[in-house]
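**Student:** Below you'll find work_8.cif; it's mmCIF, C-alpha atoms and all ligand atoms.
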```
data_run
loop_
_atom_site.label_atom_id
_atom_site.label_comp_id
_atom_site.auth_asym_id
_atom_site.auth_seq_id
_atom_site.Cartn_x
_atom_site.Cartn_y
_atom_site.Cartn_z
CA MET Z 17 -30.86 -40.32 -177.37
CA ILE Z 18 -31.24 -41.98 -180.79
CA ARG Z 19 -28.51 -42.49 -183.33
CA ILE Z 20 -29.19 -44.22 -186.62
CA THR Z 21 -26.25 -45.29 -188.72
CA ASP Z 22 -26.44 -46.48 -192.31
CA VAL Z 23 -29.89 -48.03 -191.89
CA GLN Z 24 -31.09 -49.80 -195.01
CA LYS Z 25 -34.42 -51.53 -195.40
CA SER Z 26 -35.97 -53.20 -198.42
CA PHE Z 27 -39.27 -55.02 -198.78
CA ASN Z 28 -38.46 -57.48 -201.56
CA ARG Z 29 -37.22 -55.26 -204.41
CA ASN Z 30 -38.59 -52.08 -202.91
CA GLN Z 31 -35.65 -50.30 -201.31
CA VAL Z 32 -37.42 -48.07 -198.81
CA LEU Z 33 -34.54 -46.79 -196.66
CA LYS Z 34 -31.21 -46.32 -198.46
CA SER Z 35 -28.51 -45.62 -195.92
CA VAL Z 36 -30.23 -43.36 -193.42
CA ASN Z 37 -28.00 -41.62 -190.89
CA LEU Z 38 -29.70 -39.58 -188.22
CA GLU Z 39 -29.10 -38.27 -184.73
CA ILE Z 40 -32.00 -37.23 -182.49
CA THR Z 41 -31.12 -34.85 -179.68
CA PRO Z 42 -32.62 -35.68 -176.27
CA GLY Z 43 -35.50 -33.34 -175.41
CA SER Z 44 -36.12 -32.29 -179.00
CA THR Z 45 -39.31 -32.58 -181.03
CA THR Z 46 -38.58 -33.83 -184.52
CA ALA Z 47 -41.06 -33.99 -187.38
CA ILE Z 48 -40.32 -36.68 -189.95
CA LEU Z 49 -41.80 -35.41 -193.19
CA GLY Z 50 -41.90 -36.65 -196.75
CA PRO Z 51 -44.35 -37.67 -199.46
CA ASN Z 52 -46.56 -40.76 -199.14
CA GLY Z 53 -44.48 -43.91 -199.27
CA SER Z 54 -41.17 -42.12 -198.57
CA GLY Z 55 -40.42 -44.41 -195.62
CA LYS Z 56 -41.46 -42.36 -192.57
CA THR Z 57 -43.34 -45.21 -190.87
CA THR Z 58 -40.59 -47.67 -191.80
CA LEU Z 59 -38.03 -45.40 -190.15
CA LEU Z 60 -40.11 -45.05 -186.98
CA LYS Z 61 -40.69 -48.80 -186.87
CA SER Z 62 -36.94 -49.39 -187.26
CA ILE Z 63 -36.40 -47.31 -184.11
CA LEU Z 64 -39.10 -49.31 -182.32
CA GLY Z 65 -37.65 -52.62 -183.45
CA LEU Z 66 -40.86 -53.48 -185.32
CA VAL Z 67 -38.94 -53.45 -188.60
CA ILE Z 68 -35.53 -55.07 -188.72
CA PRO Z 69 -33.17 -53.30 -191.15
CA GLN Z 70 -31.02 -55.46 -193.45
CA LYS Z 71 -28.08 -53.20 -192.67
CA GLY Z 72 -27.15 -50.51 -190.17
CA GLU Z 73 -27.75 -49.94 -186.48
CA VAL Z 74 -30.14 -48.00 -184.27
CA TYR Z 75 -28.66 -46.86 -180.95
CA PHE Z 76 -30.91 -45.94 -178.03
CA ASN Z 77 -29.04 -44.13 -175.26
CA GLY Z 78 -25.80 -45.40 -176.76
CA LYS Z 79 -26.82 -49.07 -176.90
CA PRO Z 80 -27.44 -50.97 -180.16
CA THR Z 81 -31.07 -52.08 -180.45
CA VAL Z 82 -31.47 -53.96 -183.72
CA GLY Z 83 -32.98 -57.34 -182.86
CA LYS Z 84 -33.57 -56.29 -179.23
CA TRP Z 85 -36.77 -55.37 -177.37
CA GLU Z 86 -35.82 -53.98 -173.98
CA HIS Z 87 -35.62 -50.32 -175.10
CA ARG Z 88 -39.26 -50.41 -176.20
CA LYS Z 89 -40.38 -50.16 -172.57
CA GLN Z 90 -39.12 -46.58 -172.64
CA ILE Z 91 -41.07 -45.62 -175.74
CA ALA Z 92 -44.66 -44.42 -175.98
CA TYR Z 93 -45.96 -45.28 -179.46
CA LEU Z 94 -49.01 -44.20 -181.35
CA PRO Z 95 -49.09 -46.31 -184.55
CA GLN Z 96 -50.50 -45.04 -187.82
CA VAL Z 97 -52.89 -47.97 -187.85
CA ALA Z 98 -53.70 -49.52 -184.48
CA ARG Z 99 -55.34 -52.93 -184.72
CA PHE Z 100 -57.13 -54.37 -181.71
CA PRO Z 101 -59.91 -56.97 -181.45
CA GLU Z 102 -63.10 -55.20 -182.52
CA ASN Z 103 -65.23 -56.71 -179.75
CA LEU Z 104 -63.09 -55.17 -176.98
CA LYS Z 105 -64.68 -52.34 -175.07
CA VAL Z 106 -62.65 -49.16 -174.61
CA ASN Z 107 -62.20 -49.68 -170.85
CA GLU Z 108 -61.22 -53.33 -171.46
CA LEU Z 109 -58.59 -52.24 -173.99
CA ILE Z 110 -57.13 -49.70 -171.57
CA GLN Z 111 -57.04 -52.37 -168.84
CA LEU Z 112 -55.45 -54.85 -171.25
CA VAL Z 113 -52.65 -52.41 -172.06
CA LYS Z 114 -52.13 -51.76 -168.34
CA ASP Z 115 -51.95 -55.51 -167.65
CA ILE Z 116 -49.37 -55.98 -170.42
CA ARG Z 117 -47.30 -53.03 -169.21
CA GLU Z 118 -47.54 -54.28 -165.60
CA SER Z 119 -47.56 -50.71 -164.31
CA PRO Z 120 -50.33 -48.26 -163.39
CA GLY Z 121 -50.82 -45.77 -166.23
CA ASP Z 122 -52.76 -42.58 -165.64
CA GLU Z 123 -55.57 -42.53 -168.17
CA ARG Z 124 -58.21 -40.58 -166.18
CA THR Z 125 -57.26 -37.02 -167.08
CA LEU Z 126 -56.78 -38.02 -170.72
CA ILE Z 127 -60.24 -39.62 -170.85
CA GLU Z 128 -61.70 -36.39 -169.47
CA ARG Z 129 -59.65 -34.23 -171.80
CA PHE Z 130 -60.91 -36.06 -174.88
CA SER Z 131 -64.48 -36.49 -173.52
CA LEU Z 132 -64.30 -40.26 -173.81
CA GLU Z 133 -66.44 -41.17 -170.77
CA PRO Z 134 -69.58 -41.97 -172.83
CA PHE Z 135 -67.55 -44.43 -174.94
CA LEU Z 136 -65.81 -46.44 -172.22
CA ASN Z 137 -68.40 -49.23 -172.33
CA LYS Z 138 -68.62 -49.33 -176.11
CA SER Z 139 -66.94 -51.91 -178.33
CA LEU Z 140 -64.24 -50.61 -180.66
CA ARG Z 141 -66.32 -51.70 -183.67
CA ASN Z 142 -68.97 -49.14 -182.69
CA LEU Z 143 -66.61 -46.17 -182.51
CA SER Z 144 -66.07 -43.54 -185.19
CA GLY Z 145 -62.58 -43.19 -186.69
CA GLY Z 146 -61.90 -40.01 -184.72
CA THR Z 147 -63.04 -41.53 -181.42
CA ARG Z 148 -60.79 -44.54 -182.04
CA GLN Z 149 -57.91 -42.16 -182.61
CA LYS Z 150 -58.67 -40.40 -179.31
CA VAL Z 151 -58.48 -43.83 -177.59
CA ASN Z 152 -55.12 -44.42 -179.30
CA VAL Z 153 -53.91 -41.04 -178.03
CA VAL Z 154 -54.91 -42.05 -174.47
CA LEU Z 155 -53.01 -45.34 -174.82
CA ALA Z 156 -49.90 -43.52 -176.06
CA PHE Z 157 -49.86 -40.80 -173.42
CA MET Z 158 -50.97 -42.64 -170.28
CA TYR Z 159 -47.43 -43.69 -169.39
CA ASP Z 160 -44.49 -41.52 -168.52
CA ASN Z 161 -41.94 -42.49 -171.18
CA PRO Z 162 -38.84 -40.50 -172.14
CA LEU Z 163 -39.37 -41.09 -175.88
CA ILE Z 164 -42.72 -40.55 -177.61
CA ILE Z 165 -43.23 -41.74 -181.19
CA LEU Z 166 -46.40 -40.51 -182.88
CA ASP Z 167 -47.14 -41.78 -186.39
CA GLU Z 168 -49.84 -39.54 -187.88
CA PRO Z 169 -51.41 -38.72 -184.49
CA THR Z 170 -53.85 -36.16 -185.92
CA VAL Z 171 -55.68 -38.50 -188.30
CA GLY Z 172 -59.46 -38.17 -187.92
CA LEU Z 173 -59.35 -35.74 -185.01
CA ASP Z 174 -61.81 -32.84 -184.99
CA PRO Z 175 -60.45 -29.30 -184.42
CA VAL Z 176 -61.10 -29.38 -180.67
CA ALA Z 177 -59.36 -32.74 -180.25
CA LEU Z 178 -56.50 -31.50 -182.45
CA ILE Z 179 -56.00 -28.52 -180.12
CA HIS Z 180 -56.03 -30.87 -177.11
CA LEU Z 181 -53.47 -33.12 -178.81
CA LYS Z 182 -51.18 -30.19 -179.57
CA GLU Z 183 -51.45 -29.07 -175.93
CA LEU Z 184 -50.63 -32.59 -174.81
CA ILE Z 185 -47.55 -32.75 -177.03
CA SER Z 186 -46.50 -29.26 -175.84
CA ARG Z 187 -46.79 -30.36 -172.23
CA GLU Z 188 -44.67 -33.47 -172.78
CA LYS Z 189 -42.16 -31.34 -174.68
CA ALA Z 190 -41.97 -28.92 -171.75
CA LYS Z 191 -41.22 -31.89 -169.46
CA GLY Z 192 -38.14 -32.59 -171.60
CA LYS Z 193 -39.46 -35.62 -173.47
CA THR Z 194 -37.97 -36.53 -176.81
CA ILE Z 195 -40.71 -36.59 -179.42
CA LEU Z 196 -40.68 -37.99 -182.93
CA LEU Z 197 -43.73 -37.53 -185.09
CA THR Z 198 -45.01 -37.77 -188.62
CA THR Z 199 -47.90 -35.67 -189.83
CA HIS Z 200 -49.32 -34.11 -192.94
CA ILE Z 201 -50.80 -31.27 -190.84
CA MET Z 202 -48.37 -28.42 -191.24
CA SER Z 203 -49.67 -26.43 -188.24
CA VAL Z 204 -48.53 -29.29 -185.98
CA VAL Z 205 -45.01 -29.04 -187.39
CA GLU Z 206 -44.95 -25.25 -187.33
CA GLU Z 207 -46.17 -25.04 -183.74
CA LEU Z 208 -44.28 -27.94 -182.21
CA ALA Z 209 -41.23 -29.14 -184.12
CA ASP Z 210 -37.71 -27.98 -183.27
CA GLU Z 211 -36.26 -30.03 -186.08
CA ILE Z 212 -37.49 -31.29 -189.44
CA VAL Z 213 -36.22 -34.41 -191.15
CA PHE Z 214 -37.42 -34.61 -194.75
CA LEU Z 215 -37.27 -38.05 -196.35
CA LEU Z 216 -37.18 -38.45 -200.10
CA GLU Z 217 -36.52 -41.64 -202.01
CA GLY Z 218 -35.27 -43.43 -198.92
CA LYS Z 219 -32.72 -40.78 -198.00
CA ILE Z 220 -32.67 -37.74 -195.76
CA TYR Z 221 -33.09 -34.86 -198.18
CA PHE Z 222 -33.03 -32.20 -195.47
CA GLN Z 223 -32.47 -31.97 -191.74
CA GLY Z 224 -32.71 -28.69 -189.87
CA SER Z 225 -35.08 -26.10 -188.45
CA LEU Z 226 -38.29 -24.86 -190.02
CA THR Z 227 -36.63 -21.51 -190.76
CA GLU Z 228 -33.72 -23.24 -192.48
CA MET Z 229 -36.08 -25.35 -194.56
CA ASN Z 230 -38.11 -22.33 -195.66
CA ALA Z 231 -34.91 -20.43 -196.45
CA LEU Z 232 -33.55 -23.34 -198.48
CA SER Z 233 -36.63 -23.45 -200.68
CA GLN Z 234 -37.07 -19.65 -200.57
CA GLN Z 235 -40.67 -20.08 -199.44
CA ALA Z 236 -42.60 -18.31 -196.71
CA ASP Z 237 -44.21 -21.35 -195.12
CA LEU Z 238 -43.74 -25.07 -194.74
CA GLU Z 239 -46.53 -26.14 -197.08
CA HIS Z 240 -45.00 -24.16 -199.93
CA SER Z 241 -41.48 -25.32 -199.01
CA ILE Z 242 -42.53 -28.96 -199.30
CA ALA Z 243 -44.41 -28.32 -202.54
CA GLN Z 244 -41.34 -26.54 -203.91
CA ILE Z 245 -39.02 -29.45 -203.00
CA LEU Z 246 -41.38 -31.99 -204.58
CA ILE Z 247 -41.80 -29.96 -207.77
CA LYS Z 248 -38.04 -29.46 -207.99
CA GLU Z 249 -37.43 -33.16 -207.52
CA ALA Z 250 -40.43 -33.98 -209.79
CA HIS Z 251 -42.31 -36.04 -207.21
CA VAL Z 252 -45.70 -34.54 -208.02
N1 LIG Z 301 -44.45 -54.70 -194.33
C1 LIG Z 301 -44.28 -54.22 -195.56
N2 LIG Z 301 -44.20 -55.08 -196.62
C2 LIG Z 301 -44.01 -54.62 -197.88
N3 LIG Z 301 -43.88 -53.30 -198.19
C3 LIG Z 301 -43.95 -52.42 -197.18
C4 LIG Z 301 -44.15 -52.82 -195.82
N4 LIG Z 301 -44.17 -51.72 -195.03
C5 LIG Z 301 -43.99 -50.68 -195.87
N5 LIG Z 301 -43.85 -51.09 -197.14
C6 LIG Z 301 -43.61 -50.22 -198.31
O1 LIG Z 301 -42.57 -49.32 -197.97
C7 LIG Z 301 -42.80 -48.05 -198.57
C8 LIG Z 301 -42.75 -46.98 -197.49
O2 LIG Z 301 -43.85 -47.15 -196.64
P1 LIG Z 301 -44.03 -46.26 -195.33
O3 LIG Z 301 -45.32 -46.70 -194.70
O4 LIG Z 301 -42.80 -46.31 -194.50
O5 LIG Z 301 -44.18 -44.80 -195.97
P2 LIG Z 301 -44.68 -43.45 -195.30
O6 LIG Z 301 -43.69 -42.40 -195.67
O7 LIG Z 301 -44.94 -43.64 -193.85
O8 LIG Z 301 -46.04 -43.18 -196.11
P3 LIG Z 301 -47.41 -42.42 -195.73
O9 LIG Z 301 -47.13 -40.93 -195.75
O10 LIG Z 301 -48.31 -42.81 -196.86
O11 LIG Z 301 -47.88 -42.92 -194.41
C9 LIG Z 301 -44.12 -48.15 -199.31
O12 LIG Z 301 -43.85 -48.39 -200.66
C10 LIG Z 301 -44.80 -49.35 -198.65
O13 LIG Z 301 -45.66 -49.99 -199.55
#
```
Rewrite the coordinates I just gave you, this time as structure tokens.
Ligand SMILES: Nc1ncnc2c1ncn2[C@@H]1O[C@H](COP(=O)(O)OP(=O)(O)OP(=O)(O)O)[C@@H](O)[C@H]1O
**Tutor:**
Amino acid sequence: MIRITDVQKSFNRNQVLKSVNLEITPGSTTAILGPNGSGKTTLLKSILGLVIPQKGEVYFNGKPTVGKWEHRKQIAYLPQVARFPENLKVNELIQLVKDIRESPGDERTLIERFSLEPFLNKSLRNLSGGTRQKVNVVLAFMYDNPLIILDEPTVGLDPVALIHLKELISREKAKGKTILLTTHIMSVVEELADEIVFLLEGKIYFQGSLTEMNALSQQADLEHSIAQILIKEAHV
């Protein structure tokens, strides 16, 4: 579904992605991991067309997308930082997104699932960080898109909401959706990811299954595997 060839992206002198090559299998759930600042968000934004690489190409269903927008209609996106006007009420924001999308999304079950009814008439400025994130989850999942990109979807969520989010991702996965996510919560990766892509210094340091990653670092779990890689490469 996605093929990335020789993607390079710099912000001034900061070379964030140095020739990234990556293929994402349709229907797979891939966790993009790496230390802070390793380029995970930049990579996701390159796929979305929100960051334009200086070099390389991003193919979506075989078609080149760099500089194009059309493919974005097929992508559900939960950004790491979602910025909306603070005076908007939650129900107004949901309606706004529906108006922009020009199609009827199904937000009702998601609102129930995340117990958002009492907040629908509240302005975004009056919401807690976790409640805002629940609203962002609703916005990302209310449409039926074949590709779902979740950049740190768990941030601020309480344990109950985290379980609901994992169930939601599992359900989309079972429907055959292709899912790309970043997270620092290892249980999300361990429970949901088929594939791990580990970014380090703008390059893919590792791509494979959780078992392969643990075997490579000779560690029993993902947290220790990542720590081991970072110590070995002296990034801590
Ligand atoms: N628009 C931008 N302008 C300048 N520098 C940027 C921009 N976007 C990202 N960067 C820089 O690119 C680098 C990678 O950032 P990115 O957000 O992709 O990392 P990340 O792996 O997602 O990090 P984190 O785990 O902290 O979310 C950082 O050094 C960041 O400061």
**Student:** Hey, can you pull every residue with an atom no more than 6 Å from (-38.2, -39.9, -181.3), using all atoms listed in the file, and send it as a list in words?
**Tutor:**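 The residues near that point, listed by chain and number, are Leu163, Ile164, Ile165, Thr194, Ile195 and Leu196 of chain Z.
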**Student:** Please identify all protein, DNA and RNA residues within 6 Å of ligand LIG 301 (chain Z), counting only C-alpha atoms and all ligand atoms, and report them as a tab-separated table (two decimals) with C-alpha atoms, keeping the file's coordinate frame.
**Tutor:**
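As written to disk, pocket_27.tsv reads:
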```tsv
chain	number	residue	atom	x	y	z
Z	27	PHE	CA	-39.27	-55.02	-198.78
Z	32	VAL	CA	-37.42	-48.07	-198.81
Z	51	PRO	CA	-44.35	-37.67	-199.46
Z	52	ASN	CA	-46.56	-40.76	-199.14
Z	53	GLY	CA	-44.48	-43.91	-199.27
Z	54	SER	CA	-41.17	-42.12	-198.57
Z	55	GLY	CA	-40.42	-44.41	-195.62
Z	56	LYS	CA	-41.46	-42.36	-192.57
Z	57	THR	CA	-43.34	-45.21	-190.87
Z	58	THR	CA	-40.59	-47.67	-191.80
```
**Student:** Could you work out how far CA of Ile40 in chain Z lies from CA of Lys89 in chain Z, giving the answer in Å with one decimal?
**Tutor:** 18.3 Å
**Student:** Could the residues of range 23-119 of chain Z that have an atom at most 7 Å from range 208-216 of chain Z be listed as a tab-separated table, each with its closest atom pair and the distance in Å to one decimal, counting all atoms listed in the file and ordered by chain and ascending residue number?
**Tutor:**
```
residue	atom	partner	partner_atom	distance
Z:Ser44	CA	Z:Asp210	CA	6.3
Z:Thr45	CA	Z:Ala209	CA	5.0
Z:Thr46	CA	Z:Glu211	CA	4.7
Z:Ala47	CA	Z:Ile212	CA	4.9
Z:Ile48	CA	Z:Val213	CA	4.8
Z:Leu49	CA	Z:Phe214	CA	4.7
Z:Gly50	CA	Z:Leu215	CA	4.9
Z:Ser54	CA	Z:Leu216	CA	5.6
```
**Student:** For Val82 in chain Z, find every residue with an atom within 8 Å (counting all atoms listed in the file), except residues of its own chain fewer than 6 positions away, and show them as a PyMOL selection string.
**Tutor:** chain Z and resi 62+65+68-69+73-74
**Student:** What does the structure give for the distance between CA of Ala92 in chain Z and CA of Asp160 in chain Z, in Å to one decimal?
**Tutor:**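 Taking CA of Ala92 in chain Z as the start and CA of Asp160 in chain Z as the end point, the length is 8.0 Å.
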**Student:** My list of candidates is Z:Ile63, Z:Leu94, Z:Ile247, Z:Ile127. Which is closest to Asp167 in chain Z when distances are computed with all atoms listed in the file?
**Tutor:**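 Selected residue with least distance to Asp167 in chain Z: Z:Leu94.
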**Student:** From the list Z:Ile91, Z:Ile20, Z:Leu140, Z:Ala231, which residue is nearest Asn103 in chain Z when using only C-alpha atoms?
**Tutor:**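 The closest residue to Asn103 in chain Z is Z:Leu140.
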